[in-house]
$ cat model_9.cif   # mmCIF, C-alpha atoms
data_target
loop_
_atom_site.label_atom_id
_atom_site.label_comp_id
_atom_site.auth_asym_id
_atom_site.auth_seq_id
_atom_site.Cartn_x
_atom_site.Cartn_y
_atom_site.Cartn_z
CA MET A 1 5.63 165.30 -69.01
CA HIS A 2 8.09 168.02 -68.14
CA PRO A 3 8.49 170.58 -70.94
CA SER A 4 12.27 170.37 -71.01
CA ARG A 5 12.22 166.58 -71.36
CA LEU A 6 9.60 166.83 -74.10
CA HIS A 7 11.80 169.32 -75.95
CA SER A 8 14.86 166.99 -75.75
CA CYS A 9 12.84 164.05 -77.08
CA GLU A 10 11.63 166.12 -80.02
CA THR A 11 15.23 167.22 -80.73
CA GLY A 12 16.51 163.62 -80.69
CA LEU A 13 13.70 162.49 -82.99
CA MET A 14 14.49 165.26 -85.44
CA LEU A 15 18.20 164.33 -85.44
CA ARG A 16 17.41 160.69 -86.15
CA LEU A 17 15.04 161.73 -88.92
CA LEU A 18 17.75 163.93 -90.48
CA ARG A 19 20.33 161.13 -90.24
CA LEU A 20 17.90 158.73 -91.91
CA LEU A 21 17.18 161.22 -94.65
CA SER A 22 20.92 161.83 -95.22
CA THR A 23 21.72 158.13 -95.53
CA LEU A 24 18.64 157.29 -97.59
CA PRO A 25 20.18 158.37 -100.94
CA THR A 26 23.28 156.34 -100.19
CA HIS A 27 21.26 153.21 -99.53
CA LEU A 28 19.12 153.84 -102.60
CA PHE A 29 22.08 154.21 -104.96
CA ARG A 30 24.38 151.57 -103.45
CA SER A 31 25.07 148.64 -105.71
CA ARG A 32 23.79 145.21 -105.02
CA CYS A 33 27.40 143.93 -104.80
CA ASP A 34 28.19 146.30 -101.89
CA LEU A 35 25.10 145.15 -100.04
CA LEU A 36 26.02 141.52 -100.49
CA LEU A 37 29.57 142.11 -99.27
CA GLU A 38 28.38 144.06 -96.25
CA ASN A 39 25.89 141.30 -95.43
CA LEU A 40 28.65 138.71 -95.75
CA ALA A 41 31.00 140.72 -93.50
CA LEU A 42 28.37 141.13 -90.80
CA ARG A 43 27.42 137.46 -90.91
CA GLN A 44 31.10 136.48 -90.56
CA GLN A 45 31.47 138.63 -87.45
CA LEU A 46 28.22 137.21 -86.06
CA ALA A 47 29.66 133.72 -86.50
CA VAL A 48 32.75 134.76 -84.55
CA LEU A 49 30.57 136.13 -81.73
CA ARG A 50 28.63 132.85 -81.47
CA GLN A 51 31.79 130.88 -80.64
CA ARG A 52 31.76 129.60 -77.04
CA ARG A 53 34.81 131.37 -75.64
CA PRO A 54 35.32 134.03 -73.00
CA GLN A 55 35.81 136.55 -75.80
CA PRO A 56 35.53 136.30 -79.55
CA ARG A 57 38.76 135.42 -81.34
CA PHE A 58 39.51 135.49 -85.03
CA ALA A 59 40.99 132.20 -86.22
CA THR A 60 43.30 131.94 -89.21
CA PRO A 61 40.45 131.42 -91.73
CA ASP A 62 38.66 134.48 -90.27
CA ARG A 63 41.77 136.61 -90.63
CA LEU A 64 42.28 135.36 -94.18
CA PHE A 65 38.67 136.30 -94.96
CA TRP A 66 39.23 139.91 -93.85
CA VAL A 67 42.54 140.17 -95.65
CA MET A 68 40.91 139.10 -98.91
CA LEU A 69 37.88 141.33 -98.29
CA ARG A 70 40.17 144.32 -97.75
CA ARG A 71 41.81 143.59 -101.08
CA PHE A 72 38.59 143.41 -103.15
CA TRP A 73 36.15 145.79 -101.38
CA SER A 74 36.85 149.44 -100.66
CA GLY A 75 34.08 149.78 -98.08
CA TRP A 76 35.31 147.06 -95.74
CA LYS A 77 36.02 149.47 -92.87
CA GLN A 78 32.36 150.46 -92.46
CA ALA A 79 31.34 146.85 -91.90
CA LEU A 80 34.10 146.12 -89.38
CA ILE A 81 32.88 146.04 -85.79
CA LEU A 82 34.80 143.56 -83.66
CA VAL A 83 38.37 144.74 -84.42
CA GLN A 84 40.10 147.90 -85.56
CA PRO A 85 41.06 148.41 -89.23
CA GLU A 86 44.73 148.61 -88.14
CA THR A 87 44.42 145.03 -86.92
CA VAL A 88 43.36 143.84 -90.37
CA VAL A 89 46.29 145.75 -91.90
CA ARG A 90 48.64 144.01 -89.47
CA TRP A 91 47.17 140.63 -90.45
CA HIS A 92 47.78 141.49 -94.09
CA LYS A 93 51.45 142.33 -93.44
CA ALA A 94 51.92 139.10 -91.50
CA GLY A 95 50.37 137.14 -94.34
CA PHE A 96 52.64 138.90 -96.85
CA LYS A 97 55.70 137.96 -94.83
CA ALA A 98 54.58 134.35 -94.42
CA TYR A 99 53.83 134.07 -98.15
CA TRP A 100 57.25 135.25 -99.29
CA THR A 101 58.97 133.16 -96.65
CA TRP A 102 57.23 130.13 -98.07
CA ILE A 103 58.13 131.13 -101.63
CA SER A 104 61.79 131.58 -100.67
CA ARG A 105 61.94 128.16 -99.06
CA HIS A 106 60.43 126.30 -101.98
CA ARG A 107 61.76 128.16 -105.00
CA ALA A 108 64.10 126.33 -107.32
CA LEU A 109 67.73 127.44 -107.47
CA PRO A 110 68.56 129.14 -110.80
CA GLY A 111 71.54 128.38 -112.97
CA ARG A 112 73.71 125.29 -113.03
CA LYS A 113 73.71 122.58 -110.43
CA PRO A 114 76.05 123.14 -107.48
CA VAL A 115 79.50 121.59 -107.68
CA THR A 116 79.54 118.32 -105.77
CA PRO A 117 82.33 117.59 -103.26
CA GLU A 118 83.55 114.76 -105.49
CA LEU A 119 83.91 117.06 -108.53
CA ARG A 120 85.59 119.67 -106.34
CA GLN A 121 88.18 117.16 -105.16
CA LEU A 122 88.74 116.06 -108.75
CA ILE A 123 89.48 119.67 -109.77
CA PHE A 124 91.93 119.97 -106.87
CA ARG A 125 93.59 116.72 -107.95
CA LEU A 126 94.03 117.90 -111.54
CA VAL A 127 95.53 121.18 -110.30
CA ALA A 128 97.99 119.36 -108.02
CA GLU A 129 99.05 116.79 -110.62
CA ASN A 130 99.35 119.32 -113.47
CA PRO A 131 100.77 122.61 -112.14
CA SER A 132 101.20 124.08 -115.63
CA TRP A 133 97.58 123.53 -116.69
CA GLY A 134 95.15 126.41 -116.83
CA ALA A 135 91.38 126.45 -116.59
CA PRO A 136 90.79 125.59 -120.31
CA ARG A 137 92.89 122.41 -120.10
CA ILE A 138 91.29 121.22 -116.88
CA HIS A 139 87.83 122.07 -118.19
CA GLY A 140 88.57 120.09 -121.34
CA GLU A 141 89.54 117.01 -119.33
CA LEU A 142 86.39 117.29 -117.22
CA THR A 143 84.28 117.61 -120.38
CA MET A 144 85.85 114.44 -121.77
CA LEU A 145 84.98 112.68 -118.53
CA GLY A 146 81.34 113.74 -118.95
CA PHE A 147 81.05 116.39 -116.24
CA ASP A 148 78.67 119.30 -116.92
CA VAL A 149 80.57 122.25 -115.47
CA SER A 150 81.52 125.62 -116.93
CA GLU A 151 85.09 126.81 -117.46
CA ARG A 152 84.42 129.80 -115.21
CA THR A 153 83.39 127.49 -112.37
CA VAL A 154 86.57 125.47 -112.87
CA LEU A 155 88.65 128.66 -112.68
CA ARG A 156 86.90 129.72 -109.47
CA TRP A 157 87.63 126.40 -107.77
CA MET A 158 91.20 126.35 -109.09
CA LYS A 159 91.89 129.51 -107.09
CA LYS A 160 90.68 127.70 -103.95
CA ALA A 161 92.80 124.60 -104.48
CA PRO A 162 95.16 123.84 -101.59
CA ARG A 163 98.76 124.63 -102.41
CA SER A 164 101.71 122.43 -101.75
CA PRO A 165 103.65 123.57 -98.65
CA GLU A 166 107.03 122.60 -100.17
CA PRO A 167 107.74 125.94 -101.96
CA ALA A 168 106.98 127.87 -98.76
CA LYS A 169 109.25 125.56 -96.75
CA ARG A 170 112.08 126.00 -99.26
CA TRP A 171 111.70 129.80 -99.14
CA ALA A 172 111.69 129.81 -95.33
CA THR A 173 114.82 127.63 -95.35
CA PHE A 174 116.54 130.04 -97.74
CA LEU A 175 115.70 133.04 -95.53
CA SER A 176 116.91 131.26 -92.39
CA ASN A 177 120.19 129.97 -93.85
CA HIS A 178 121.18 133.25 -95.52
CA ARG A 179 119.76 135.88 -93.17
CA GLU A 180 123.24 137.47 -92.62
CA ALA A 181 123.46 138.20 -96.35
CA ILE A 182 119.83 139.20 -97.08
CA ALA A 183 118.29 142.65 -97.26
CA ALA A 184 114.82 143.69 -98.38
CA MET A 185 113.37 146.90 -99.80
CA ASP A 186 109.85 148.20 -100.17
CA PHE A 187 107.60 151.27 -100.18
CA PHE A 188 104.67 152.28 -98.00
CA THR A 189 102.33 155.22 -98.39
CA VAL A 190 101.55 157.95 -95.85
CA PRO A 191 98.58 160.36 -96.27
CA THR A 192 99.09 164.02 -95.44
CA LEU A 193 96.91 166.71 -93.90
CA THR A 194 96.05 168.12 -97.35
CA PHE A 195 95.02 164.65 -98.65
CA GLY A 196 98.26 164.16 -100.53
CA VAL A 197 100.28 160.94 -100.56
CA LEU A 198 103.93 160.54 -99.61
CA TYR A 199 105.98 157.43 -100.38
CA CYS A 200 108.48 156.16 -97.83
CA PHE A 201 111.25 153.94 -99.18
CA PHE A 202 113.40 151.75 -96.95
CA VAL A 203 115.97 148.96 -97.03
CA VAL A 204 116.12 146.61 -94.02
CA SER A 205 118.64 143.88 -93.25
CA HIS A 206 117.37 140.44 -92.18
CA ASP A 207 120.22 139.75 -89.77
CA GLN A 208 119.81 142.47 -87.11
CA ARG A 209 116.65 144.12 -88.49
CA ARG A 210 118.62 147.31 -89.08
CA ILE A 211 117.29 149.98 -91.42
CA LEU A 212 120.15 150.39 -93.88
CA HIS A 213 118.58 153.32 -95.71
CA TRP A 214 115.30 155.24 -95.92
CA ASN A 215 113.93 158.31 -97.66
CA VAL A 216 110.66 160.05 -98.53
CA THR A 217 109.39 161.31 -101.89
CA ARG A 218 106.25 162.34 -103.71
CA HIS A 219 107.33 160.74 -106.99
CA PRO A 220 108.76 157.22 -106.53
CA SER A 221 110.18 156.70 -110.01
CA SER A 222 112.61 153.94 -110.90
CA ALA A 223 115.41 156.51 -111.38
CA TRP A 224 114.82 157.77 -107.83
CA VAL A 225 114.91 154.17 -106.53
CA MET A 226 118.22 153.55 -108.29
CA GLN A 227 119.75 156.62 -106.62
CA GLN A 228 118.54 155.37 -103.21
CA LEU A 229 120.15 151.98 -103.81
CA ARG A 230 123.49 153.61 -104.64
CA GLN A 231 123.29 155.39 -101.28
CA ALA A 232 122.19 152.26 -99.41
CA PHE A 233 125.04 150.07 -100.70
CA PRO A 234 128.02 152.34 -101.40
CA TYR A 235 130.76 149.91 -100.28
CA ASP A 236 128.68 147.07 -98.81
CA TYR A 237 130.00 143.61 -99.65
CA SER A 238 128.10 141.69 -96.95
CA THR A 239 124.69 141.83 -98.63
CA LYS A 240 124.37 139.15 -101.30
CA PHE A 241 120.60 139.01 -101.85
CA LEU A 242 118.01 141.78 -102.11
CA ILE A 243 114.31 140.88 -101.86
CA PHE A 244 111.67 143.12 -103.43
CA ASP A 245 108.23 142.79 -104.99
CA ARG A 246 107.00 143.29 -108.56
CA ALA A 247 106.03 146.96 -108.32
CA THR A 248 106.38 149.01 -111.49
CA ASN A 249 109.12 151.20 -109.98
CA PHE A 250 111.20 148.05 -109.31
CA ASN A 251 111.67 147.44 -113.04
CA GLU A 252 114.45 145.75 -115.01
CA GLU A 253 116.69 148.82 -114.77
CA VAL A 254 116.54 148.57 -110.98
CA ALA A 255 117.28 144.83 -111.13
CA SER A 256 120.28 145.48 -113.44
CA LEU A 257 121.65 148.09 -111.01
CA VAL A 258 121.29 145.62 -108.12
CA LYS A 259 123.32 143.07 -110.06
CA SER A 260 125.99 145.67 -110.85
CA LEU A 261 126.38 146.24 -107.09
CA GLY A 262 127.27 142.58 -106.66
CA ILE A 263 123.88 141.68 -105.18
CA GLN A 264 121.50 139.03 -106.52
CA PRO A 265 117.91 140.33 -106.91
CA LYS A 266 115.11 138.11 -105.59
CA ARG A 267 111.60 139.04 -106.68
CA THR A 268 108.64 137.78 -104.68
CA SER A 269 105.76 135.98 -106.35
CA PHE A 270 102.58 137.74 -107.38
CA ARG A 271 100.33 138.63 -104.44
CA SER A 272 102.74 137.06 -101.95
CA PRO A 273 103.68 139.71 -99.36
CA TRP A 274 104.55 136.91 -96.90
CA GLN A 275 107.71 136.26 -98.93
CA ASN A 276 108.95 139.69 -97.87
CA GLY A 277 107.85 139.27 -94.28
CA VAL A 278 110.66 141.24 -92.59
CA ALA A 279 109.85 144.34 -94.62
CA GLU A 280 106.10 143.91 -94.08
CA ARG A 281 106.61 143.57 -90.32
CA TRP A 282 108.67 146.76 -90.22
CA VAL A 283 105.91 148.64 -92.05
CA GLY A 284 103.39 147.33 -89.52
CA SER A 285 105.60 148.34 -86.59
CA CYS A 286 106.11 151.82 -88.04
CA ARG A 287 102.37 152.32 -88.47
CA ARG A 288 101.41 150.99 -85.03
CA ASP A 289 104.21 152.79 -83.18
CA LEU A 290 104.08 156.14 -84.96
CA LEU A 291 101.97 156.84 -88.04
CA ASP A 292 98.62 155.75 -86.57
CA HIS A 293 99.03 158.41 -83.84
CA VAL A 294 100.05 161.48 -85.87
CA ILE A 295 98.81 163.55 -88.82
CA VAL A 296 101.64 164.17 -91.25
CA LEU A 297 101.76 167.77 -92.45
CA ASN A 298 104.20 167.56 -95.34
CA GLU A 299 107.35 165.84 -96.59
CA ARG A 300 109.63 167.70 -94.19
CA HIS A 301 107.46 166.74 -91.22
CA LEU A 302 107.45 163.05 -92.23
CA LYS A 303 111.23 163.02 -92.61
CA ARG A 304 111.67 164.39 -89.09
CA LEU A 305 109.24 161.79 -87.67
CA MET A 306 110.93 158.94 -89.53
CA ARG A 307 114.38 160.08 -88.41
CA GLU A 308 113.29 159.97 -84.76
CA TYR A 309 111.50 156.64 -85.22
CA VAL A 310 114.47 154.92 -86.88
CA ARG A 311 116.68 156.10 -84.00
CA TYR A 312 114.16 154.76 -81.49
CA TYR A 313 113.80 151.53 -83.49
CA HIS A 314 117.56 150.91 -83.49
CA ASP A 315 118.53 152.00 -79.99
CA ASP A 316 115.53 151.51 -77.71
CA ARG A 317 112.79 149.25 -79.07
CA THR A 318 113.13 145.56 -78.17
CA HIS A 319 112.45 142.91 -80.84
CA LEU A 320 111.03 139.44 -80.45
CA ALA A 321 113.13 138.16 -83.40
CA LEU A 322 116.30 139.39 -81.64
CA ALA A 323 115.51 137.63 -78.34
CA LYS A 324 114.14 140.91 -76.86
CA GLY A 325 117.29 142.76 -77.93
CA THR A 326 117.70 145.82 -80.16
CA PRO A 327 119.42 146.20 -83.56
CA ALA A 328 122.04 148.51 -82.02
CA GLY A 329 122.82 146.07 -79.19
CA ARG A 330 121.28 147.78 -76.16
CA LYS A 331 122.91 146.54 -72.97
CA ALA A 332 120.69 144.86 -70.42
CA GLY A 333 120.97 145.68 -66.73
CA THR A 334 122.29 143.13 -64.25
CA ASN A 335 121.09 142.37 -60.72
CA PRO A 336 118.98 145.47 -60.00
CA VAL A 337 118.12 145.97 -56.34
CA ALA A 338 114.51 146.35 -55.25
CA ALA A 339 115.00 149.95 -54.12
CA CYS A 340 116.79 151.11 -57.25
CA LYS A 341 115.46 154.16 -59.07
CA VAL A 342 114.20 153.76 -62.63
CA ILE A 343 114.28 156.83 -64.84
CA SER A 344 111.99 157.36 -67.83
CA MET A 345 113.12 158.97 -71.07
CA PRO A 346 110.37 159.94 -73.55
CA ARG A 347 110.72 158.99 -77.18
CA LEU A 348 108.77 160.26 -80.21
CA GLY A 349 107.26 163.13 -78.27
CA GLY A 350 106.05 160.89 -75.45
CA LEU A 351 104.43 158.15 -77.56
CA HIS A 352 107.01 155.72 -76.20
CA HIS A 353 109.59 155.68 -73.42
CA ARG A 354 112.93 154.10 -72.60
CA TYR A 355 113.68 153.05 -69.04
CA ASP A 356 117.11 152.84 -67.47
CA LEU A 357 118.47 152.37 -63.96
CA ALA A 358 119.66 155.56 -62.34
CA ALA A 359 123.39 155.78 -61.74
#

$ encode --input "model_9.cif" --output "structure tokens"
Amino acid sequence: MHPSRLHSCETGLMLRLLRLLSTLPTHLFRSRCDLLLENLALRQQLAVLRQRRPQPRFATPDRLFWVMLRRFWSGWKQALILVQPETVVRWHKAGFKAYWTWISRHRALPGRKPVTPELRQLIFRLVAENPSWGAPRIHGELTMLGFDVSERTVLRWMKKAPRSPEPAKRWATFLSNHREAIAAMDFFTVPTLTFGVLYCFFVVSHDQRRILHWNVTRHPSSAWVMQQLRQAFPYDYSTKFLIFDRATNFNEEVASLVKSLGIQPKRTSFRSPWQNGVAERWVGSCRRDLLDHVIVLNERHLKRLMREYVRYYHDDRTHLALAKGTPAGRKAGTNPVAACKVISMPRLGGLHHRYDLAA
């Protein structure tokens, strides 16, 4: 035999002998339980290899076996041959997800039984037939009828009860029949560059959508509102009704001043901004046309912007409620020729434009 080959064989034999000697203490001191588990793991993999398929595949029971073995034996990785340990970890995560999905589908709902559609309709019926009843009265009647439902549940469904459309129709009729004599007032807030808040007050007429008065302040007290109303209606005898909400700065002193001006105050209901729709629409138009596109620096800056916007709103901006006209009565052109020249006049610093026929 060649000397070099003989030397390599001796080296390999010595390495195997050293490996055997290094693992011998481990095998001597290993517990009987570890040996049994390793034997079981190897036999399970041997059973998978014996299956008549192109390649061995782990069925669901085999995967479950390795998931459980991973849970109860720390040395499971050393006995794993056919697949990687990461595969067993992935099986465990999939089993965890399937387990909790099954638990979620079959767990019992806590708390009281859900409200049946029949009981819900009965609550709605009691609300409609007894407008002055609160949740305790309706809950008492349901208890006498034998229904097991809490007062809090009754209150929650009372808020969802359909309302009668008659009050809304009567209010809409009032607004339509008296629009020449109705005005509305309200506030809206405007943030500034320094994170302050400015309050813009305005009074708008329902007839031509004209802004009768507006102003800006940092402190919207009731005394300040009263002074604005004196300026808005100095010698006005056409306005007979003034609509406003239930804000704290529209208190009884403000309502008394409105009456002294010969105007009947009309407060809107709680949480009913639709009853002051003309004012709400003007706030929306002001935000969309101007305030959403600028950063207000201070009170003086906002007053200049509002002055320009009110002028544009009155003279140039067309309104759907006025049959595409303007509050100031902008004249429409007649019979323009195809070759006529149209001139553009910027408004609000170029945010909007007015177009007229050239002379």

$ closest_residue --input "model_9.cif" --among "A:Pro273, A:Phe187, A:Gly95, A:Ala181" --to "Val225 in chain A" --atoms "only C-alpha atoms"
A:Phe187

$ residues_around --input "model_9.cif" --residues "Ile123 in chain A" --least-positions-apart "6" --cutoff "8 Å" --atoms "all atoms listed in the file" --output "JSON, numbers by chain"
{"A": [138, 154, 157, 158, 161]}

$ resolve_selection --input "model_9.cif" --expression "the PyMOL selection byres ((chain A and resi 214) around 6)" --output "mmCIF file with C-alpha atoms, keeping the file's coordinate frame"
data_model
loop_
_atom_site.group_PDB
_atom_site.id
_atom_site.type_symbol
_atom_site.label_atom_id
_atom_site.label_comp_id
_atom_site.auth_asym_id
_atom_site.auth_seq_id
_atom_site.Cartn_x
_atom_site.Cartn_y
_atom_site.Cartn_z
ATOM 1 C CA PHE A 201 111.250 153.940 -99.180
ATOM 2 C CA PHE A 202 113.400 151.750 -96.950
ATOM 3 C CA HIS A 213 118.580 153.320 -95.710
ATOM 4 C CA ASN A 215 113.930 158.310 -97.660
#

$ resolve_selection --input "model_9.cif" --expression "the PyMOL selection byres ((chain A and resi 228-235) around 10)" --output "NGL selection string"
:A and (185 or 201-204 or 211-215 or 222-227 or 236-239 or 254 or 257-258 or 261-263)

$ resolve_selection --input "model_9.cif" --expression "the PyMOL selection byres ((chain A and resi 145-148) around 12)" --output "list of chain:residue names"
A:Arg112, A:Lys113, A:Pro114, A:Val115, A:Thr116, A:Glu118, A:Leu119, A:Arg120, A:Leu122, A:Ile123, A:Ile138, A:His139, A:Gly140, A:Glu141, A:Leu142, A:Thr143, A:Met144, A:Val149, A:Ser150, A:Glu151, A:Thr153, A:Val154

$ atom_distance --input "model_9.cif" --atom1 "CA of Lys169 in chain A" --atom2 "CA of Pro327 in chain A"
26.5 Å

$ residues_around --input "model_9.cif" --residues "Ala359 in chain A" --least-positions-apart "4" --cutoff "12 Å" --atoms "only C-alpha atoms" --output "list in words"
Gly333, Pro336, Cys340, Lys341, Val342 and Ile343 of chain A

$ residues_around --input "model_9.cif" --residues "Val278 in chain A" --least-positions-apart "5" --cutoff "8 Å" --atoms "all atoms listed in the file" --output "PyMOL selection string"
chain A and resi 184+204+206+209

$ residues_around --input "model_9.cif" --residues "Lys331 in chain A" --least-positions-apart "2" --cutoff "12 Å" --atoms "all atoms listed in the file" --output "MDAnalysis selection string"
chainID A and resid 315:316 318 324:329 333:334 355:357

$ atom_distance --input "model_9.cif" --atom1 "CA of Val310 in chain A" --atom2 "CA of Cys286 in chain A"
9.0 Å

$ closest_residue --input "model_9.cif" --among "A:Ala332, A:Leu242, A:Ala255, A:Leu291" --to "Arg179 in chain A" --atoms "only C-alpha atoms"
A:Leu242

$ atom_distance --input "model_9.cif" --atom1 "CA of Pro162 in chain A" --atom2 "CA of Ser269 in chain A"
16.8 Å

$ closest_residue --input "model_9.cif" --among "A:Gln208, A:Gln121, A:Gln275, A:Asn298" --to "Thr192 in chain A" --atoms "only C-alpha atoms"
A:Asn298

$ axis_aligned_box --input "model_9.cif" --around "range 281-284 of chain A" --padding-each-side "8 Å" --output "JSON"
{"center_x": 106.0, "center_y": 146.1, "center_z": -90.8, "size_x": 21.3, "size_y": 21.1, "size_z": 18.5}

$ residues_around --input "model_9.cif" --residues "Arg267 in chain A" --least-positions-apart "3" --cutoff "10 Å" --atoms "only C-alpha atoms" --output "list of chain:residue names"
A:Leu242, A:Ile243, A:Phe244, A:Asp245, A:Arg246, A:Ala247, A:Phe250, A:Ala255, A:Gln264, A:Phe270, A:Gln275, A:Asn276

$ closest_residue --input "model_9.cif" --among "A:Ser176, A:Thr87, A:Ser272, A:Thr217" --to "Phe188 in chain A" --atoms "all atoms listed in the file"
A:Thr217

$ closest_residue --input "model_9.cif" --among "A:Glu308, A:Asp292, A:Glu280, A:Glu253" --to "Ser221 in chain A" --atoms "all atoms listed in the file"
A:Glu253

$ decode --input "model_9.cif" --residues "range 330-350 of chain A" --atoms "N, CA and C atoms" --output "PDB file, in the first residue's frame"
ATOM      1  N   ARG A 330     -75.790  89.349 -10.093  1.00  0.00           N
ATOM      2  CA  ARG A 330     -74.879  89.446 -11.235  1.00  0.00           C
ATOM      3  C   ARG A 330     -75.635  89.240 -12.544  1.00  0.00           C
ATOM      4  N   LYS A 331     -75.405  90.134 -13.489  1.00  0.00           N
ATOM      5  CA  LYS A 331     -76.100  90.072 -14.765  1.00  0.00           C
ATOM      6  C   LYS A 331     -75.474  89.011 -15.667  1.00  0.00           C
ATOM      7  N   ALA A 332     -76.337  88.237 -16.301  1.00  0.00           N
ATOM      8  CA  ALA A 332     -75.870  87.206 -17.221  1.00  0.00           C
ATOM      9  C   ALA A 332     -75.751  87.777 -18.618  1.00  0.00           C
ATOM     10  N   GLY A 333     -74.768  87.305 -19.371  1.00  0.00           N
ATOM     11  CA  GLY A 333     -74.587  87.752 -20.743  1.00  0.00           C
ATOM     12  C   GLY A 333     -75.669  87.199 -21.660  1.00  0.00           C
ATOM     13  N   THR A 334     -75.870  87.870 -22.780  1.00  0.00           N
ATOM     14  CA  THR A 334     -76.900  87.448 -23.737  1.00  0.00           C
ATOM     15  C   THR A 334     -76.302  87.298 -25.123  1.00  0.00           C
ATOM     16  N   ASN A 335     -76.593  86.179 -25.756  1.00  0.00           N
ATOM     17  CA  ASN A 335     -76.219  85.898 -27.155  1.00  0.00           C
ATOM     18  C   ASN A 335     -74.744  86.176 -27.450  1.00  0.00           C
ATOM     19  N   PRO A 336     -73.820  85.491 -26.761  1.00  0.00           N
ATOM     20  CA  PRO A 336     -72.406  85.701 -27.099  1.00  0.00           C
ATOM     21  C   PRO A 336     -72.069  85.032 -28.431  1.00  0.00           C
ATOM     22  N   VAL A 337     -71.244  85.685 -29.211  1.00  0.00           N
ATOM     23  CA  VAL A 337     -70.821  85.107 -30.487  1.00  0.00           C
ATOM     24  C   VAL A 337     -69.669  84.139 -30.240  1.00  0.00           C
ATOM     25  N   ALA A 338     -69.457  83.242 -31.195  1.00  0.00           N
ATOM     26  CA  ALA A 338     -68.450  82.198 -31.011  1.00  0.00           C
ATOM     27  C   ALA A 338     -67.047  82.772 -30.906  1.00  0.00           C
ATOM     28  N   ALA A 339     -66.803  83.889 -31.619  1.00  0.00           N
ATOM     29  CA  ALA A 339     -65.457  84.455 -31.633  1.00  0.00           C
ATOM     30  C   ALA A 339     -65.244  85.525 -30.585  1.00  0.00           C
ATOM     31  N   CYS A 340     -66.154  85.642 -29.636  1.00  0.00           N
ATOM     32  CA  CYS A 340     -66.017  86.701 -28.640  1.00  0.00           C
ATOM     33  C   CYS A 340     -64.864  86.378 -27.697  1.00  0.00           C
ATOM     34  N   LYS A 341     -64.272  87.393 -27.124  1.00  0.00           N
ATOM     35  CA  LYS A 341     -63.152  87.230 -26.216  1.00  0.00           C
ATOM     36  C   LYS A 341     -63.647  87.211 -24.779  1.00  0.00           C
ATOM     37  N   VAL A 342     -63.184  86.227 -24.030  1.00  0.00           N
ATOM     38  CA  VAL A 342     -63.560  86.074 -22.617  1.00  0.00           C
ATOM     39  C   VAL A 342     -62.354  86.453 -21.768  1.00  0.00           C
ATOM     40  N   ILE A 343     -62.558  87.385 -20.865  1.00  0.00           N
ATOM     41  CA  ILE A 343     -61.472  87.831 -19.997  1.00  0.00           C
ATOM     42  C   ILE A 343     -61.626  87.174 -18.621  1.00  0.00           C
ATOM     43  N   SER A 344     -60.499  86.926 -17.985  1.00  0.00           N
ATOM     44  CA  SER A 344     -60.459  86.268 -16.684  1.00  0.00           C
ATOM     45  C   SER A 344     -59.975  87.242 -15.628  1.00  0.00           C
ATOM     46  N   MET A 345     -60.696  87.302 -14.517  1.00  0.00           N
ATOM     47  CA  MET A 345     -60.333  88.187 -13.416  1.00  0.00           C
ATOM     48  C   MET A 345     -60.123  87.345 -12.166  1.00  0.00           C
ATOM     49  N   PRO A 346     -58.895  87.298 -11.640  1.00  0.00           N
ATOM     50  CA  PRO A 346     -58.622  86.452 -10.471  1.00  0.00           C
ATOM     51  C   PRO A 346     -59.309  86.980  -9.217  1.00  0.00           C
ATOM     52  N   ARG A 347     -59.716  86.063  -8.391  1.00  0.00           N
ATOM     53  CA  ARG A 347     -60.319  86.376  -7.100  1.00  0.00           C
ATOM     54  C   ARG A 347     -59.608  85.564  -6.016  1.00  0.00           C
ATOM     55  N   LEU A 348     -59.503  86.129  -4.839  1.00  0.00           N
ATOM     56  CA  LEU A 348     -58.874  85.484  -3.683  1.00  0.00           C
ATOM     57  C   LEU A 348     -57.454  85.047  -4.007  1.00  0.00           C
ATOM     58  N   GLY A 349     -56.702  85.934  -4.632  1.00  0.00           N
ATOM     59  CA  GLY A 349     -55.315  85.636  -4.943  1.00  0.00           C
ATOM     60  C   GLY A 349     -55.120  84.576  -5.999  1.00  0.00           C
ATOM     61  N   GLY A 350     -56.116  84.338  -6.829  1.00  0.00           N
ATOM     62  CA  GLY A 350     -56.013  83.339  -7.881  1.00  0.00           C
ATOM     63  C   GLY A 350     -56.637  82.005  -7.540  1.00  0.00           C
TER      64      GLY A 350
END
